[in-house]
$ cat final27.txt   # compact mmCIF, C-alpha atoms and all ligand atoms
# COMPACT_ATOMS: atom_id res chain seq x y z
CA MET A 1 106.71 41.16 3.42
CA SER A 2 104.90 41.49 6.73
CA PRO A 3 104.03 45.06 7.72
CA GLU A 4 106.39 46.98 9.95
CA ALA A 5 106.23 50.17 12.02
CA ASP A 6 108.56 52.84 13.38
CA LEU A 7 106.89 54.37 16.42
CA HIS A 8 109.31 57.18 17.31
CA VAL A 9 109.67 59.92 14.70
CA HIS A 10 110.22 63.67 15.00
CA THR A 11 109.33 66.49 12.58
CA ILE A 12 110.09 70.22 12.21
CA TYR A 13 107.44 70.74 14.90
CA SER A 14 110.13 69.71 17.39
CA ASP A 15 113.75 69.28 16.35
CA SER A 16 113.86 67.27 13.15
CA THR A 17 114.73 68.72 9.75
CA PHE A 18 111.87 66.76 8.12
CA SER A 19 108.39 68.17 7.54
CA PRO A 20 105.47 65.83 8.32
CA ARG A 21 105.09 65.18 4.57
CA LYS A 22 108.76 64.39 4.16
CA VAL A 23 108.53 61.93 7.06
CA VAL A 24 105.60 60.15 5.41
CA THR A 25 107.28 60.08 1.99
CA THR A 26 110.46 58.69 3.51
CA ALA A 27 108.51 56.08 5.50
CA ARG A 28 107.02 54.90 2.23
CA GLU A 29 110.41 54.79 0.52
CA VAL A 30 111.91 52.62 3.24
CA GLY A 31 108.95 50.24 3.14
CA LEU A 32 107.24 50.99 6.45
CA SER A 33 103.46 50.57 6.79
CA CYS A 34 103.00 52.62 9.92
CA ILE A 35 104.74 55.40 11.83
CA ALA A 36 104.00 57.44 14.94
CA ILE A 37 104.75 61.15 15.07
CA THR A 38 106.24 61.85 18.50
CA ASP A 39 107.47 65.43 18.68
CA HIS A 40 108.81 66.91 21.91
CA ASP A 41 106.10 69.04 23.54
CA ALA A 42 104.25 69.44 20.24
CA VAL A 43 101.54 67.89 18.09
CA GLY A 44 101.52 70.45 15.27
CA GLY A 45 102.76 67.93 12.72
CA VAL A 46 100.28 65.17 13.47
CA GLU A 47 97.31 66.16 11.35
CA GLU A 48 99.34 66.89 8.21
CA ALA A 49 101.12 63.54 8.54
CA ILE A 50 97.85 61.66 9.06
CA ASP A 51 96.19 63.34 6.07
CA TYR A 52 99.14 62.88 3.75
CA GLY A 53 99.63 59.34 5.04
CA LYS A 54 96.06 58.50 4.01
CA LYS A 55 96.82 59.67 0.49
CA VAL A 56 99.91 57.53 0.08
CA GLY A 57 98.93 54.53 2.21
CA ILE A 58 100.95 55.07 5.38
CA GLU A 59 99.20 54.73 8.72
CA VAL A 60 100.13 57.55 11.08
CA ILE A 61 99.56 57.24 14.83
CA PRO A 62 99.20 60.54 16.72
CA GLY A 63 101.81 60.80 19.46
CA VAL A 64 103.92 63.09 21.59
CA GLU A 65 107.14 62.91 23.63
CA LEU A 66 107.03 64.59 27.03
CA THR A 67 109.88 65.23 29.45
CA ALA A 68 109.57 64.21 33.08
CA GLU A 69 111.97 63.91 35.97
CA TYR A 70 112.42 61.65 38.95
CA ASN A 71 115.26 62.16 41.45
CA ASP A 72 117.14 64.28 38.92
CA THR A 73 116.90 61.64 36.20
CA GLU A 74 115.40 62.91 32.95
CA ILE A 75 112.65 60.63 31.72
CA HIS A 76 111.06 60.81 28.27
CA ILE A 77 107.49 59.60 28.12
CA LEU A 78 105.78 58.84 24.83
CA GLY A 79 102.02 59.12 24.43
CA TYR A 80 100.33 57.16 21.64
CA PHE A 81 96.80 57.46 20.21
CA ILE A 82 96.30 60.72 22.09
CA ASP A 83 93.51 63.18 21.40
CA TYR A 84 95.83 65.69 19.78
CA LYS A 85 93.13 68.33 19.46
CA ASN A 86 92.27 68.60 23.13
CA PRO A 87 92.32 72.34 24.01
CA TRP A 88 93.82 72.14 27.53
CA PHE A 89 96.54 69.84 26.23
CA LEU A 90 97.38 72.27 23.40
CA GLU A 91 97.57 75.05 25.95
CA LYS A 92 99.88 73.02 28.18
CA LEU A 93 102.17 72.27 25.23
CA GLN A 94 102.19 75.93 24.25
CA HIS A 95 103.35 76.76 27.76
CA LEU A 96 106.11 74.14 27.66
CA ARG A 97 107.37 75.52 24.33
CA GLU A 98 107.38 79.04 25.73
CA THR A 99 109.55 77.91 28.66
CA ARG A 100 111.83 76.19 26.15
CA ARG A 101 112.31 79.51 24.37
CA LYS A 102 113.42 81.22 27.58
CA ARG A 103 115.74 78.37 28.39
CA PHE A 104 117.21 78.56 24.89
CA LEU A 105 118.06 82.24 25.44
CA GLN A 106 119.73 81.31 28.74
CA MET A 107 121.90 78.68 27.07
CA VAL A 108 122.94 81.12 24.34
CA GLU A 109 123.82 83.60 27.10
CA LYS A 110 126.02 81.02 28.85
CA LEU A 111 127.86 80.27 25.63
CA LYS A 112 129.12 83.87 25.72
CA ASN A 113 131.40 82.81 28.61
CA PHE A 114 133.21 80.73 26.02
CA ASN A 115 133.43 83.59 23.53
CA ILE A 116 130.65 82.06 21.47
CA SER A 117 128.23 84.62 20.24
CA LEU A 118 125.05 83.37 18.56
CA ASP A 119 121.95 85.23 17.50
CA ALA A 120 119.29 83.39 19.50
CA GLU A 121 116.35 85.25 18.02
CA LYS A 122 117.59 84.50 14.53
CA ILE A 123 117.85 80.77 15.24
CA ILE A 124 114.32 80.86 16.65
CA ARG A 125 113.10 82.69 13.53
CA GLN A 126 114.80 80.13 11.30
CA ASN A 127 112.87 77.34 13.06
CA PRO A 128 109.42 78.90 13.16
CA PHE A 129 107.48 75.71 13.99
CA ALA A 130 109.98 74.14 16.35
CA SER A 131 109.99 73.16 19.99
CA ILE A 132 113.26 75.00 20.22
CA GLY A 133 116.02 73.16 22.03
CA ARG A 134 119.49 71.84 22.30
CA LEU A 135 119.59 70.09 18.93
CA HIS A 136 118.97 73.41 17.17
CA LEU A 137 121.73 74.94 19.26
CA ALA A 138 124.13 72.07 18.50
CA GLN A 139 123.42 72.47 14.79
CA GLU A 140 124.18 76.18 14.90
CA LEU A 141 127.41 75.57 16.85
CA TYR A 142 128.40 73.06 14.19
CA ARG A 143 127.43 75.32 11.27
CA LYS A 144 129.40 78.19 12.73
CA GLY A 145 132.46 75.98 13.22
CA TYR A 146 132.56 76.13 17.02
CA VAL A 147 132.41 72.33 17.23
CA SER A 148 133.42 69.57 14.85
CA SER A 149 130.25 67.51 15.33
CA ILE A 150 126.80 67.62 16.89
CA LYS A 151 127.98 65.16 19.54
CA GLU A 152 130.86 67.48 20.40
CA ALA A 153 128.46 70.35 21.05
CA PHE A 154 126.78 68.21 23.71
CA ARG A 155 130.05 66.89 25.07
CA LEU A 156 131.65 70.31 25.48
CA TYR A 157 128.79 72.69 26.14
CA ILE A 158 125.17 71.65 26.31
CA GLY A 159 125.03 68.04 27.45
CA GLU A 160 123.62 67.46 30.92
CA GLY A 161 126.14 68.67 33.50
CA ARG A 162 128.12 70.67 30.94
CA PRO A 163 128.66 74.41 31.56
CA CYS A 164 126.06 75.81 29.14
CA TYR A 165 123.33 73.28 29.89
CA VAL A 166 120.10 74.63 31.29
CA LYS A 167 117.36 72.30 32.48
CA LYS A 168 114.03 72.62 30.76
CA GLU A 169 110.72 72.48 32.56
CA ARG A 170 110.04 68.88 33.50
CA LEU A 171 106.80 67.27 34.54
CA SER A 172 106.55 64.70 37.29
CA PRO A 173 106.14 61.20 35.89
CA GLN A 174 102.67 61.17 37.38
CA GLU A 175 101.71 64.41 35.61
CA ALA A 176 102.93 63.12 32.25
CA ILE A 177 101.27 59.72 32.61
CA THR A 178 97.99 61.18 33.85
CA MET A 179 97.94 63.73 31.05
CA ILE A 180 98.37 61.04 28.40
CA ARG A 181 95.71 58.90 30.07
CA LYS A 182 93.23 61.81 30.08
CA LEU A 183 93.85 62.21 26.35
CA GLY A 184 92.86 58.58 25.84
CA GLY A 185 96.47 57.71 25.06
CA ILE A 186 98.88 54.96 26.00
CA SER A 187 101.97 56.04 27.97
CA VAL A 188 105.31 54.45 27.17
CA VAL A 189 108.73 55.06 28.69
CA ALA A 190 111.05 56.13 25.86
CA HIS A 191 114.61 54.80 25.35
CA PRO A 192 114.98 53.58 28.98
CA TYR A 193 118.64 52.76 28.32
CA LEU A 194 119.38 56.48 27.91
CA MET A 195 117.92 57.30 31.35
CA GLY A 196 120.90 55.50 32.85
CA ASP A 197 118.94 54.21 35.84
CA ASP A 198 116.71 51.15 35.59
CA ASN A 199 115.47 51.71 39.14
CA VAL A 200 113.19 54.37 37.71
CA ILE A 201 111.21 51.76 35.81
CA PRO A 202 109.36 50.21 38.79
CA VAL A 203 108.54 53.76 39.91
CA LEU A 204 106.99 54.50 36.52
CA VAL A 205 105.09 51.22 36.66
CA LYS A 206 103.63 52.26 40.01
CA GLU A 207 102.60 55.59 38.49
CA GLY A 208 100.74 53.75 35.74
CA ILE A 209 103.08 53.60 32.76
CA GLU A 210 101.67 51.14 30.24
CA GLY A 211 104.51 50.39 27.88
CA ILE A 212 108.26 50.38 27.36
CA GLU A 213 110.30 51.25 24.27
CA VAL A 214 112.38 48.10 23.97
CA TYR A 215 113.76 48.84 20.51
CA HIS A 216 115.55 52.13 19.86
CA SER A 217 118.48 53.34 17.73
CA GLU A 218 120.67 53.76 20.78
CA HIS A 219 119.77 50.49 22.51
CA PRO A 220 122.44 47.83 22.25
CA LEU A 221 121.22 44.25 21.99
CA SER A 222 121.93 43.66 25.70
CA ALA A 223 119.56 46.52 26.58
CA GLN A 224 116.87 45.18 24.26
CA ILE A 225 117.05 41.83 26.02
CA ARG A 226 116.94 43.40 29.46
CA TYR A 227 113.96 45.64 28.67
CA MET A 228 112.14 42.83 26.96
CA SER A 229 112.31 40.81 30.14
CA MET A 230 111.22 43.84 32.19
CA ALA A 231 108.25 44.24 29.85
CA GLN A 232 107.27 40.67 30.65
CA ASN A 233 107.83 41.01 34.39
CA TYR A 234 105.84 44.21 34.71
CA ASN A 235 103.29 43.30 32.06
CA LEU A 236 104.08 46.28 29.86
CA LEU A 237 103.29 46.83 26.20
CA ILE A 238 106.32 46.71 23.91
CA THR A 239 107.15 49.44 21.40
CA GLY A 240 110.11 50.54 19.34
CA GLY A 241 111.25 53.24 17.01
CA SER A 242 114.23 54.94 15.43
CA ASP A 243 113.87 58.39 17.05
CA CYS A 244 114.56 59.84 13.60
CA HIS A 245 115.36 63.57 13.54
CA GLY A 246 115.64 63.82 9.75
CA LEU A 247 119.16 65.04 9.05
CA GLY A 248 119.26 66.67 12.49
CA LYS A 249 121.78 64.23 13.91
CA GLY A 250 123.55 63.41 10.68
CA LYS A 251 122.03 60.38 9.04
CA VAL A 252 118.37 59.62 8.51
CA LEU A 253 117.30 56.92 10.96
CA LEU A 254 113.72 56.40 9.81
CA GLY A 255 113.05 52.68 9.42
CA LYS A 256 116.45 51.73 10.88
CA VAL A 257 114.50 50.45 13.87
CA ARG A 258 111.32 48.65 12.89
CA ILE A 259 108.89 46.56 14.82
CA SER A 260 106.32 44.06 13.65
CA TYR A 261 102.90 45.54 13.03
CA ASN A 262 101.62 42.86 15.45
CA LEU A 263 102.90 45.08 18.27
CA VAL A 264 100.82 48.00 16.93
CA GLU A 265 97.79 45.71 16.94
CA LYS A 266 98.53 44.86 20.57
CA LEU A 267 98.50 48.58 21.41
CA LYS A 268 95.15 49.01 19.69
CA GLU A 269 93.62 45.95 21.38
CA TYR A 270 94.81 47.23 24.74
CA LYS A 271 93.32 50.67 24.12
CA ASN A 272 90.01 49.27 22.88
CA ALA A 273 89.71 47.01 25.92
CA ARG A 274 90.58 49.89 28.26
CA ASP A 275 88.16 52.29 26.58
CA LYS A 276 85.31 49.85 27.21
CA THR A 277 85.88 49.73 30.96
P1 LIG A 301 116.18 69.31 24.61
O1 LIG A 301 114.81 68.72 24.52
O2 LIG A 301 116.25 70.72 24.15
O3 LIG A 301 116.84 69.08 25.94
O4 LIG A 301 117.08 68.56 23.54
C1 LIG A 301 117.06 67.18 23.44
C2 LIG A 301 117.48 66.79 22.04
O5 LIG A 301 118.89 66.69 22.00
C3 LIG A 301 116.93 65.43 21.67
O6 LIG A 301 116.65 65.37 20.29
C4 LIG A 301 118.08 64.53 22.04
O7 LIG A 301 118.06 63.33 21.34
C5 LIG A 301 119.26 65.39 21.62
N1 LIG A 301 120.49 64.99 22.31
C6 LIG A 301 120.70 64.91 23.65
N2 LIG A 301 121.97 64.54 23.89
C7 LIG A 301 122.58 64.36 22.69
C8 LIG A 301 123.89 63.97 22.26
N3 LIG A 301 124.85 63.70 23.13
N4 LIG A 301 124.12 63.90 20.92
C9 LIG A 301 123.15 64.20 20.03
N5 LIG A 301 121.91 64.57 20.37
C10 LIG A 301 121.62 64.64 21.67
ZN ZN A 302 114.47 65.40 19.59
FE FE A 303 113.74 61.27 23.74
FE FE A 304 112.61 61.44 20.53
$ encode --input "final27.txt" --output "structure tokens"
Amino acid sequence: MSPEADLHVHTIYSDSTFSPRKVVTTAREVGLSCIAITDHDAVGGVEEAIDYGKKVGIEVIPGVELTAEYNDTEIHILGYFIDYKNPWFLEKLQHLRETRRKRFLQMVEKLKNFNISLDAEKIIRQNPFASIGRLHLAQELYRKGYVSSIKEAFRLYIGEGRPCYVKKERLSPQEAITMIRKLGGISVVAHPYLMGDDNVIPVLVKEGIEGIEVYHSEHPLSAQIRYMSMAQNYNLLITGGSDCHGLGKGKVLLGKVRISYNLVEKLKEYKNARDKT
């Protein structure tokens, strides 16, 4: 079997229920050769996954998922092969997680208008490593019986535009792309289909985005085809991944989206060539 990769995976360092080790073990079970750890605003799980991956023969690429905004559209930007130990970067991430915590408290406050009373500090304590966010909130709403599914929590309360939604701090696309570049990484626009506005893509290209996530759990085939052709038109690298959150969204998605390892080699060749210039 030719080697395959899943380049979009979360851990307990953002909003997955899987530890870095569990991610690696599961990757092995589903027959992947390579994964990338891409937590929101966090890299705390990277080293453990790399080390454990070495032991069991899974290649782990250090990554991150940052949130940016353009004209009110939320844009997720993945960074691959980043220097995940860079001190100013770690400080920046720490700041983003701190603002997430405040925003989490605000959302819990807003839920009170709907007679929903949650113990925000307790949820934060129960997720000590996390980039705390809406998925944790949705899970608590579900556990406590306020909603009948995770999706319903977003639909009724905390989805964008819903009454208890609070924006989190967002970078400009340029900030996110430049940051990843300074870390020696490759920037990739995540799940473009979920942005809901393809006009953002040429803007990102102008800002220096280097790749596009063509394959994703929530991309229908028509979107895959469209983004594949955009990748060719704009000369972008092609990536893909499941966006697995462990059991965080119900079923385990790891390996449900897999790309040929050839695409990983293309990323590496690109980075090597760029590093020489
Ligand atoms: P946050 O970063 O706190 O805004 O939360 C984003 C997290 O919520 C990510 O893991 C998203 O995939 C997840 N999310 C956003 N909308 C939905 C939805 N409608 N159903 C399930 N998960 C969602
Ligand atoms: Zn997430
Ligand atoms: Fe995302
Ligand atoms: Fe993600």
$ residues_around --input "final27.txt" --residues "Phe104 (chain A)" --least-positions-apart "2" --cutoff "8 Å" --atoms "all atoms listed in the file" --output "PyMOL selection string"
chain A and resi 100-102+106-108+120+132-134
$ atom_distance --input "final27.txt" --atom1 "CA of Ala5 (chain A)" --atom2 "CA of Glu269 (chain A)"
16.3 Å
$ closest_residue --input "final27.txt" --among "A:Tyr193, A:Tyr270, A:Tyr261, A:Tyr227" --to "ligand FE 303 (chain A)" --atoms "all atoms listed in the file"
A:Tyr193
$ closest_residue --input "final27.txt" --among "A:Ala190, A:Leu32, A:Ala176, A:Leu93" --to "ligand FE 304 (chain A)" --atoms "all atoms listed in the file"
A:Ala190
$ residues_near_ligand --input "final27.txt" --ligand "ligand FE 303 (chain A)" --cutoff "12 Å" --atoms "all atoms listed in the file" --output "PDB file with C-alpha atoms, in the coordinates of the input"
ATOM      1  CA  HIS A   8     109.310  57.180  17.310  1.00  0.00           C
ATOM      2  CA  VAL A   9     109.670  59.920  14.700  1.00  0.00           C
ATOM      3  CA  HIS A  10     110.220  63.670  15.000  1.00  0.00           C
ATOM      4  CA  SER A  14     110.130  69.710  17.390  1.00  0.00           C
ATOM      5  CA  ASP A  15     113.750  69.280  16.350  1.00  0.00           C
ATOM      6  CA  THR A  38     106.240  61.850  18.500  1.00  0.00           C
ATOM      7  CA  ASP A  39     107.470  65.430  18.680  1.00  0.00           C
ATOM      8  CA  HIS A  40     108.810  66.910  21.910  1.00  0.00           C
ATOM      9  CA  ASP A  41     106.100  69.040  23.540  1.00  0.00           C
ATOM     10  CA  VAL A  64     103.920  63.090  21.590  1.00  0.00           C
ATOM     11  CA  GLU A  65     107.140  62.910  23.630  1.00  0.00           C
ATOM     12  CA  LEU A  66     107.030  64.590  27.030  1.00  0.00           C
ATOM     13  CA  THR A  67     109.880  65.230  29.450  1.00  0.00           C
ATOM     14  CA  ALA A  68     109.570  64.210  33.080  1.00  0.00           C
ATOM     15  CA  GLU A  74     115.400  62.910  32.950  1.00  0.00           C
ATOM     16  CA  ILE A  75     112.650  60.630  31.720  1.00  0.00           C
ATOM     17  CA  HIS A  76     111.060  60.810  28.270  1.00  0.00           C
ATOM     18  CA  ILE A  77     107.490  59.600  28.120  1.00  0.00           C
ATOM     19  CA  LEU A  78     105.780  58.840  24.830  1.00  0.00           C
ATOM     20  CA  GLY A  79     102.020  59.120  24.430  1.00  0.00           C
ATOM     21  CA  LEU A 135     119.590  70.090  18.930  1.00  0.00           C
ATOM     22  CA  VAL A 188     105.310  54.450  27.170  1.00  0.00           C
ATOM     23  CA  VAL A 189     108.730  55.060  28.690  1.00  0.00           C
ATOM     24  CA  ALA A 190     111.050  56.130  25.860  1.00  0.00           C
ATOM     25  CA  HIS A 191     114.610  54.800  25.350  1.00  0.00           C
ATOM     26  CA  PRO A 192     114.980  53.580  28.980  1.00  0.00           C
ATOM     27  CA  TYR A 193     118.640  52.760  28.320  1.00  0.00           C
ATOM     28  CA  LEU A 194     119.380  56.480  27.910  1.00  0.00           C
ATOM     29  CA  MET A 195     117.920  57.300  31.350  1.00  0.00           C
ATOM     30  CA  GLU A 213     110.300  51.250  24.270  1.00  0.00           C
ATOM     31  CA  HIS A 216     115.550  52.130  19.860  1.00  0.00           C
ATOM     32  CA  SER A 217     118.480  53.340  17.730  1.00  0.00           C
ATOM     33  CA  GLU A 218     120.670  53.760  20.780  1.00  0.00           C
ATOM     34  CA  GLY A 241     111.250  53.240  17.010  1.00  0.00           C
ATOM     35  CA  SER A 242     114.230  54.940  15.430  1.00  0.00           C
ATOM     36  CA  ASP A 243     113.870  58.390  17.050  1.00  0.00           C
ATOM     37  CA  CYS A 244     114.560  59.840  13.600  1.00  0.00           C
ATOM     38  CA  HIS A 245     115.360  63.570  13.540  1.00  0.00           C
TER      39      HIS A 245
END
$ atom_distance --input "final27.txt" --atom1 "CA of Tyr142 (chain A)" --atom2 "atom P1 of ligand LIG 301 (chain A)"
16.5 Å
$ residues_around --input "final27.txt" --residues "Arg103 (chain A)" --least-positions-apart "5" --cutoff "8 Å" --atoms "all atoms listed in the file" --output "PDB file with C-alpha atoms, in the coordinates of the input"
ATOM      1  CA  VAL A 166     120.100  74.630  31.290  1.00  0.00           C
ATOM      2  CA  LYS A 167     117.360  72.300  32.480  1.00  0.00           C
ATOM      3  CA  LYS A 168     114.030  72.620  30.760  1.00  0.00           C
TER       4      LYS A 168
END
